[in-house]
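Written below as structure tokens is the structure these notes are about.
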Amino acid sequence: MFGVTILGNNSAIPSHDRHPTAQVVTIEDQILLLDCGEGTQMQFNKYKVRRSKITYIFISHLHGDHYFGLIGLITSMALLNRVDDLHIYGPKNLQQIIEIQLDAAGVILPFKLTIHAITETKMIVDEKKFTVHCFPALHKIECWGFIIKEKKNPRRIDLEKTIAAEIPKSYYEELKKGHDYITKDGTTIVNESVTIPNAVPKSYAFCADTRYDESILEHIKDVTLLYHETTYLKDQPEKAFERFHSTTEQAATIALKANAGNLIIGHFSSRYDTITSFLNEAKVIFPNTKLAKEGTTFTI
Ligand SMILES: [Zn+2]
Ligand SMILES: [Zn+2]
């Protein structure tokens, strides 16, 4: 399973039954939390997200609608006697903010919490089956986007053929990487004759809060599923620019230029009671657009 569940899709002020930003990515048996706006824990309860399965939390920036739920979540994890390590990645001031709050409340964590400061574009998580890279978004304050990519060997073993060719199991990892096999008598068994090409690894990019910015394209090129904010409809480009946000047209244009497979749009301004116009406008430019409706899981 590789999918993302939307827990919050509103900007700044929670309203119209819409919550501030939070998304959970499920990959293999792990849950990754992307941003943690106010009310995220209530959304966990509503949509049956298990806190104990969260191994990583990524905070894009320190506007409250993206992390005001974090101290509550950490405190609940302590109350629930979590034992597993927890890693949080975010802007440099995050560690100090959380430490002050824990200290002031006299909370002693029963688990190891590591808050990593993001300072540059790079790979920040390297797990057996996936990686997470961060990249800068163009917002009013320091802000980071994240891309989660499946790891896959280029080739899969064709068991029937490897057994027939008497290739030892200990060499399978090399075969998966595309290497040929040389038998004891010096015969070369060509890799393609005993392996099958693997499906292209899938990826999910979360672009956080951002102004229209083509410099993110290099980080999200050919992404399977893209989340891009659309705080405003297309008739508000000046407001979007001034407030370091994007419009429907701008988000859809980024998806098109990035050659994304699908686009999810969210972070809707509280000025809009309904969100269907967001979908209609974005689809004109990028037909494979979906609304980040709360409670929806998108399989990547
Ligand atoms: Zn925001
Ligand atoms: Zn923001």
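Convention: chains lettered A, B, ... in structure tokens order; per-chain residue numbering from 1; ligands numbered from 1 as shown.
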
Residue contacts of range 62-68 of chain A (6 Å, only C-alpha atoms) excluding same-chain residues fewer than 4 positions away, as JSON, numbers by chain | {"A": [12, 20, 21, 35, 36, 37, 38]}

Chain A near ligand 2 within 7 Å: what's each residue's closest atom pair and its distance in Å to one decimal, counting only C-alpha atoms and all ligand atoms, ordered by chain then ascending residue number, as a Markdown table?
| residue | atom | partner | partner_atom_place_in_ligand_line | distance |
| --- | --- | --- | --- | --- |
| A:His61 | CA | ligand 2 | 1 (Zn) | 6.7 |
| A:His63 | CA | ligand 2 | 1 (Zn) | 5.0 |
| A:His139 | CA | ligand 2 | 1 (Zn) | 6.7 |
| A:Asp209 | CA | ligand 2 | 1 (Zn) | 5.2 |

Which of range 86-210 of chain A counts as strand (DSSP E or B) under DSSP, as JSON, numbers by chain please?
-> {"A": [86, 87, 88, 89, 90, 113, 114, 115, 116, 117, 122, 123, 124, 125, 126, 130, 131, 132, 133, 134, 135, 136, 144, 145, 146, 147, 148, 149, 150, 155, 156, 157, 181, 182, 188, 189, 195, 196, 197, 203, 204, 205, 206]}

File of the preceding selection, C-alpha atoms, as a PDB file, in the first residue's frame:
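Contents of the output file result.pdb:
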ATOM      1  CA  LEU A  86       9.834   9.273  16.669  1.00  0.00           C
ATOM      2  CA  HIS A  87      11.588  11.475  14.121  1.00  0.00           C
ATOM      3  CA  ILE A  88      10.296  14.916  13.249  1.00  0.00           C
ATOM      4  CA  TYR A  89      11.727  17.016  10.420  1.00  0.00           C
ATOM      5  CA  GLY A  90      11.009  20.727  10.177  1.00  0.00           C
ATOM      6  CA  LEU A 113      12.082  12.037  20.156  1.00  0.00           C
ATOM      7  CA  THR A 114      14.504  13.482  17.618  1.00  0.00           C
ATOM      8  CA  ILE A 115      13.676  16.760  15.936  1.00  0.00           C
ATOM      9  CA  HIS A 116      15.831  17.289  12.870  1.00  0.00           C
ATOM     10  CA  ALA A 117      16.329  20.812  11.531  1.00  0.00           C
ATOM     11  CA  LYS A 122      18.572  16.820   0.298  1.00  0.00           C
ATOM     12  CA  MET A 123      17.472  13.276   1.073  1.00  0.00           C
ATOM     13  CA  ILE A 124      16.365  13.306   4.721  1.00  0.00           C
ATOM     14  CA  VAL A 125      15.060   9.750   5.116  1.00  0.00           C
ATOM     15  CA  ASP A 126      16.545   6.632   3.587  1.00  0.00           C
ATOM     16  CA  PHE A 130      11.395   4.384   0.369  1.00  0.00           C
ATOM     17  CA  THR A 131      13.193   7.704   0.582  1.00  0.00           C
ATOM     18  CA  VAL A 132      12.060  11.214   1.522  1.00  0.00           C
ATOM     19  CA  HIS A 133      13.682  14.310   0.026  1.00  0.00           C
ATOM     20  CA  CYS A 134      12.972  17.924   0.974  1.00  0.00           C
ATOM     21  CA  PHE A 135      13.023  20.950  -1.307  1.00  0.00           C
ATOM     22  CA  PRO A 136      12.351  24.659  -0.713  1.00  0.00           C
ATOM     23  CA  TRP A 144       9.803  23.038   2.702  1.00  0.00           C
ATOM     24  CA  GLY A 145       8.118  20.614   0.344  1.00  0.00           C
ATOM     25  CA  PHE A 146       8.645  16.852   0.565  1.00  0.00           C
ATOM     26  CA  ILE A 147       8.754  14.045  -1.962  1.00  0.00           C
ATOM     27  CA  ILE A 148       8.362  10.415  -0.932  1.00  0.00           C
ATOM     28  CA  LYS A 149       9.671   7.904  -3.443  1.00  0.00           C
ATOM     29  CA  GLU A 150       9.370   4.141  -3.515  1.00  0.00           C
ATOM     30  CA  ARG A 155      14.663  -5.914 -12.253  1.00  0.00           C
ATOM     31  CA  ARG A 156      12.659  -8.758 -10.689  1.00  0.00           C
ATOM     32  CA  ILE A 157      13.751 -12.402 -10.552  1.00  0.00           C
ATOM     33  CA  TYR A 181      25.798 -14.125 -14.107  1.00  0.00           C
ATOM     34  CA  ILE A 182      28.965 -16.009 -15.036  1.00  0.00           C
ATOM     35  CA  THR A 188      27.655 -15.635 -19.351  1.00  0.00           C
ATOM     36  CA  ILE A 189      23.955 -15.756 -18.535  1.00  0.00           C
ATOM     37  CA  THR A 195      14.826 -11.306 -14.903  1.00  0.00           C
ATOM     38  CA  ILE A 196      11.729  -9.203 -15.606  1.00  0.00           C
ATOM     39  CA  PRO A 197      11.643  -5.379 -15.645  1.00  0.00           C
ATOM     40  CA  SER A 203       6.210   8.921  -5.805  1.00  0.00           C
ATOM     41  CA  TYR A 204       4.176  11.518  -3.906  1.00  0.00           C
ATOM     42  CA  ALA A 205       5.122  15.186  -3.695  1.00  0.00           C
ATOM     43  CA  PHE A 206       3.717  17.580  -1.100  1.00  0.00           C
TER      44      PHE A 206
END

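Every residue of range 190-236 of chain A with a DSSP assignment of helix (DSSP H, G or I), taken from the backbone, is listed as Asn191, Glu192, Ser193, Glu214, Ser215, Ile216, Leu217, Glu218, His219 and Ile220 of chain A.
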
Could the residues in this selection be written to a file with all heavy atoms, as a PDB file, in the first residue's frame?
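The resulting file, out_7.pdb, is shown below:
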ATOM      1  N   ASN A 191      21.542 -11.007 -18.092  1.00  0.00           N
ATOM      2  CA  ASN A 191      20.555 -10.636 -17.061  1.00  0.00           C
ATOM      3  C   ASN A 191      19.117 -10.685 -17.572  1.00  0.00           C
ATOM      4  O   ASN A 191      18.231 -11.241 -16.924  1.00  0.00           O
ATOM      5  CB  ASN A 191      20.890  -9.229 -16.534  1.00  0.00           C
ATOM      6  CG  ASN A 191      20.010  -8.832 -15.373  1.00  0.00           C
ATOM      7  OD1 ASN A 191      18.850  -8.499 -15.553  1.00  0.00           O
ATOM      8  ND2 ASN A 191      20.547  -8.918 -14.167  1.00  0.00           N
ATOM      9  N   GLU A 192      18.891 -10.112 -18.739  1.00  0.00           N
ATOM     10  CA  GLU A 192      17.518 -10.020 -19.283  1.00  0.00           C
ATOM     11  C   GLU A 192      16.877 -11.399 -19.502  1.00  0.00           C
ATOM     12  O   GLU A 192      15.645 -11.500 -19.567  1.00  0.00           O
ATOM     13  CB  GLU A 192      17.499  -9.251 -20.608  1.00  0.00           C
ATOM     14  CG  GLU A 192      17.681  -7.745 -20.475  1.00  0.00           C
ATOM     15  CD  GLU A 192      19.116  -7.337 -20.180  1.00  0.00           C
ATOM     16  OE1 GLU A 192      20.042  -8.177 -20.324  1.00  0.00           O
ATOM     17  OE2 GLU A 192      19.320  -6.188 -19.771  1.00  0.00           O
ATOM     18  N   SER A 193      17.707 -12.453 -19.619  1.00  0.00           N
ATOM     19  CA  SER A 193      17.141 -13.773 -19.879  1.00  0.00           C
ATOM     20  C   SER A 193      16.590 -14.427 -18.607  1.00  0.00           C
ATOM     21  O   SER A 193      15.846 -15.404 -18.677  1.00  0.00           O
ATOM     22  CB  SER A 193      18.195 -14.676 -20.533  1.00  0.00           C
ATOM     23  OG  SER A 193      19.205 -14.973 -19.603  1.00  0.00           O
ATOM     24  N   GLU A 214       8.355  27.999 -10.567  1.00  0.00           N
ATOM     25  CA  GLU A 214       8.799  26.924 -11.466  1.00  0.00           C
ATOM     26  C   GLU A 214      10.095  26.261 -10.997  1.00  0.00           C
ATOM     27  O   GLU A 214      10.469  25.219 -11.528  1.00  0.00           O
ATOM     28  CB  GLU A 214       8.939  27.465 -12.894  1.00  0.00           C
ATOM     29  CG  GLU A 214       7.581  27.842 -13.472  1.00  0.00           C
ATOM     30  CD  GLU A 214       7.604  28.130 -14.964  1.00  0.00           C
ATOM     31  OE1 GLU A 214       8.685  28.034 -15.579  1.00  0.00           O
ATOM     32  OE2 GLU A 214       6.524  28.457 -15.508  1.00  0.00           O
ATOM     33  N   SER A 215      10.770  26.850 -10.025  1.00  0.00           N
ATOM     34  CA  SER A 215      12.015  26.211  -9.577  1.00  0.00           C
ATOM     35  C   SER A 215      11.734  24.909  -8.808  1.00  0.00           C
ATOM     36  O   SER A 215      12.640  24.113  -8.592  1.00  0.00           O
ATOM     37  CB  SER A 215      12.860  27.174  -8.751  1.00  0.00           C
ATOM     38  OG  SER A 215      12.252  27.395  -7.509  1.00  0.00           O
ATOM     39  N   ILE A 216      10.473  24.671  -8.429  1.00  0.00           N
ATOM     40  CA  ILE A 216      10.198  23.375  -7.767  1.00  0.00           C
ATOM     41  C   ILE A 216      10.103  22.228  -8.787  1.00  0.00           C
ATOM     42  O   ILE A 216      10.180  21.066  -8.415  1.00  0.00           O
ATOM     43  CB  ILE A 216       8.922  23.372  -6.876  1.00  0.00           C
ATOM     44  CG1 ILE A 216       7.654  23.610  -7.686  1.00  0.00           C
ATOM     45  CG2 ILE A 216       9.026  24.356  -5.744  1.00  0.00           C
ATOM     46  CD1 ILE A 216       6.374  23.366  -6.865  1.00  0.00           C
ATOM     47  N   LEU A 217       9.968  22.587 -10.068  1.00  0.00           N
ATOM     48  CA  LEU A 217       9.760  21.548 -11.096  1.00  0.00           C
ATOM     49  C   LEU A 217      10.865  20.497 -11.099  1.00  0.00           C
ATOM     50  O   LEU A 217      10.605  19.315 -11.258  1.00  0.00           O
ATOM     51  CB  LEU A 217       9.633  22.185 -12.488  1.00  0.00           C
ATOM     52  CG  LEU A 217       8.366  23.026 -12.716  1.00  0.00           C
ATOM     53  CD1 LEU A 217       8.424  23.734 -14.069  1.00  0.00           C
ATOM     54  CD2 LEU A 217       7.125  22.151 -12.636  1.00  0.00           C
ATOM     55  N   GLU A 218      12.107  20.931 -10.928  1.00  0.00           N
ATOM     56  CA  GLU A 218      13.218  19.972 -10.973  1.00  0.00           C
ATOM     57  C   GLU A 218      13.103  18.917  -9.862  1.00  0.00           C
ATOM     58  O   GLU A 218      13.605  17.803  -9.995  1.00  0.00           O
ATOM     59  CB  GLU A 218      14.573  20.691 -10.883  1.00  0.00           C
ATOM     60  CG  GLU A 218      14.757  21.435  -9.582  1.00  0.00           C
ATOM     61  CD  GLU A 218      16.177  21.968  -9.384  1.00  0.00           C
ATOM     62  OE1 GLU A 218      17.135  21.172  -9.453  1.00  0.00           O
ATOM     63  OE2 GLU A 218      16.307  23.197  -9.162  1.00  0.00           O
ATOM     64  N   HIS A 219      12.432  19.256  -8.774  1.00  0.00           N
ATOM     65  CA  HIS A 219      12.319  18.301  -7.649  1.00  0.00           C
ATOM     66  C   HIS A 219      11.133  17.352  -7.794  1.00  0.00           C
ATOM     67  O   HIS A 219      11.090  16.319  -7.132  1.00  0.00           O
ATOM     68  CB  HIS A 219      12.180  19.062  -6.328  1.00  0.00           C
ATOM     69  CG  HIS A 219      13.277  20.049  -6.096  1.00  0.00           C
ATOM     70  ND1 HIS A 219      14.576  19.663  -5.859  1.00  0.00           N
ATOM     71  CD2 HIS A 219      13.278  21.413  -6.108  1.00  0.00           C
ATOM     72  CE1 HIS A 219      15.322  20.747  -5.712  1.00  0.00           C
ATOM     73  NE2 HIS A 219      14.563  21.812  -5.869  1.00  0.00           N
ATOM     74  N   ILE A 220      10.162  17.738  -8.619  1.00  0.00           N
ATOM     75  CA  ILE A 220       8.917  16.953  -8.673  1.00  0.00           C
ATOM     76  C   ILE A 220       8.633  16.390 -10.067  1.00  0.00           C
ATOM     77  O   ILE A 220       7.555  15.867 -10.312  1.00  0.00           O
ATOM     78  CB  ILE A 220       7.714  17.815  -8.213  1.00  0.00           C
ATOM     79  CG1 ILE A 220       7.545  19.058  -9.104  1.00  0.00           C
ATOM     80  CG2 ILE A 220       7.884  18.250  -6.762  1.00  0.00           C
ATOM     81  CD1 ILE A 220       6.255  19.824  -8.853  1.00  0.00           C
TER      82      ILE A 220
END

Excluding same-chain residues fewer than 2 positions from Leu80 in chain A, what lies within 12 Å of it counting only C-alpha atoms, as a list of chain:residue names?
-> A:Arg50, A:Arg51, A:Ser52, A:Leu73, A:Ile74, A:Thr75, A:Ser76, A:Met77, A:Ala78, A:Arg82, A:Val83, A:Asp84, A:Leu109, A:Pro110, A:Phe111

Restricted to N, CA and C atoms, what would the selected residues look like written as a short mmCIF file (atom, residue, chain, number, x, y, z; two decimals), in the first residue's frame?
data_model
loop_
_atom_site.label_atom_id
_atom_site.label_comp_id
_atom_site.auth_asym_id
_atom_site.auth_seq_id
_atom_site.Cartn_x
_atom_site.Cartn_y
_atom_site.Cartn_z
N ARG A 50 -3.92 5.28 13.13
CA ARG A 50 -3.31 4.82 14.39
C ARG A 50 -2.04 5.61 14.69
N ARG A 51 -2.11 6.41 15.77
CA ARG A 51 -0.95 7.23 16.17
C ARG A 51 0.31 6.39 16.33
N SER A 52 0.13 5.18 16.88
CA SER A 52 1.30 4.36 17.19
C SER A 52 2.08 3.93 15.94
N LEU A 73 -0.23 16.23 19.84
CA LEU A 73 0.03 14.86 19.38
C LEU A 73 1.19 14.22 20.15
N ILE A 74 2.27 14.97 20.32
CA ILE A 74 3.42 14.43 21.05
C ILE A 74 3.02 14.10 22.49
N THR A 75 2.26 14.99 23.10
CA THR A 75 1.82 14.77 24.48
C THR A 75 0.93 13.53 24.58
N SER A 76 0.03 13.36 23.60
CA SER A 76 -0.83 12.16 23.61
C SER A 76 0.02 10.90 23.47
N MET A 77 1.03 10.97 22.62
CA MET A 77 1.90 9.80 22.46
C MET A 77 2.56 9.44 23.78
N ALA A 78 2.93 10.47 24.54
CA ALA A 78 3.53 10.22 25.86
C ALA A 78 2.51 9.58 26.80
N ARG A 82 3.96 5.52 24.41
CA ARG A 82 4.69 5.11 23.21
C ARG A 82 6.11 4.73 23.59
N VAL A 83 6.64 3.71 22.92
CA VAL A 83 8.03 3.33 23.20
C VAL A 83 8.92 3.51 21.96
N ASP A 84 8.31 3.46 20.79
CA ASP A 84 9.11 3.55 19.56
C ASP A 84 9.66 4.97 19.34
N LEU A 109 9.03 12.39 28.21
CA LEU A 109 8.63 11.45 27.16
C LEU A 109 9.14 10.04 27.44
N PRO A 110 8.28 9.03 27.29
CA PRO A 110 8.74 7.66 27.49
C PRO A 110 9.39 7.07 26.24
N PHE A 111 9.51 7.89 25.20
CA PHE A 111 10.12 7.42 23.95
C PHE A 111 11.17 8.43 23.50
#

Could you name the residues that touch Asn9 in chain A at 7 Å or less, counting only C-alpha atoms, but leaving out those on the same chain fewer than 6 positions away, as a ChimeraX atom specification?
-> /A:18-21,266-268,292-294

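Those residues that approach Asn259 in chain A to within 10 Å, counting only C-alpha atoms, are Leu217, Ile220, Lys221, Asp222, Val223, Thr224, Leu226 and Thr253 of chain A; same-chain residues fewer than 6 positions away are not listed.
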
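Minimum distance to ligand 1 across A:Asn45, A:Thr230, A:Thr299, A:Ser11 (counting only C-alpha atoms and all ligand atoms) occurs at A:Ser11.
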
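We find CA of Lys129 in chain A and CA of Glu173 in chain A to be spaced 14.6 Å apart.
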
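The nearest approach to Ile265 in chain A among the residues A:Thr187, A:Asn198, A:Cys207, A:Val284, with only C-alpha atoms taken into account, belongs to A:Cys207.
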
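Coordinates place CA of Phe2 in chain A at a distance of 18.7 Å from CA of Asn288 in chain A.
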
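Straight-line separation from CA of Phe58 in chain A to CA of Asp103 in chain A: 21.9 Å.
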
Using only C-alpha atoms and all ligand atoms, the shortest atom-to-atom distance to ligand 1 among A:Glu166, A:Asp29, A:Glu238, A:Glu229 belongs to A:Glu229

Top pick for closest residue to ligand 1, considering A:Ile54, A:Val194, A:Cys143, A:Ala252 and counting only C-alpha atoms and all ligand atoms | A:Cys143

Which residue out of A:Ala255, A:Val107, A:Leu79, A:Ile13 has the minimum interatomic distance to ligand 1 when only C-alpha atoms and all ligand atoms are used?
-> A:Ile13
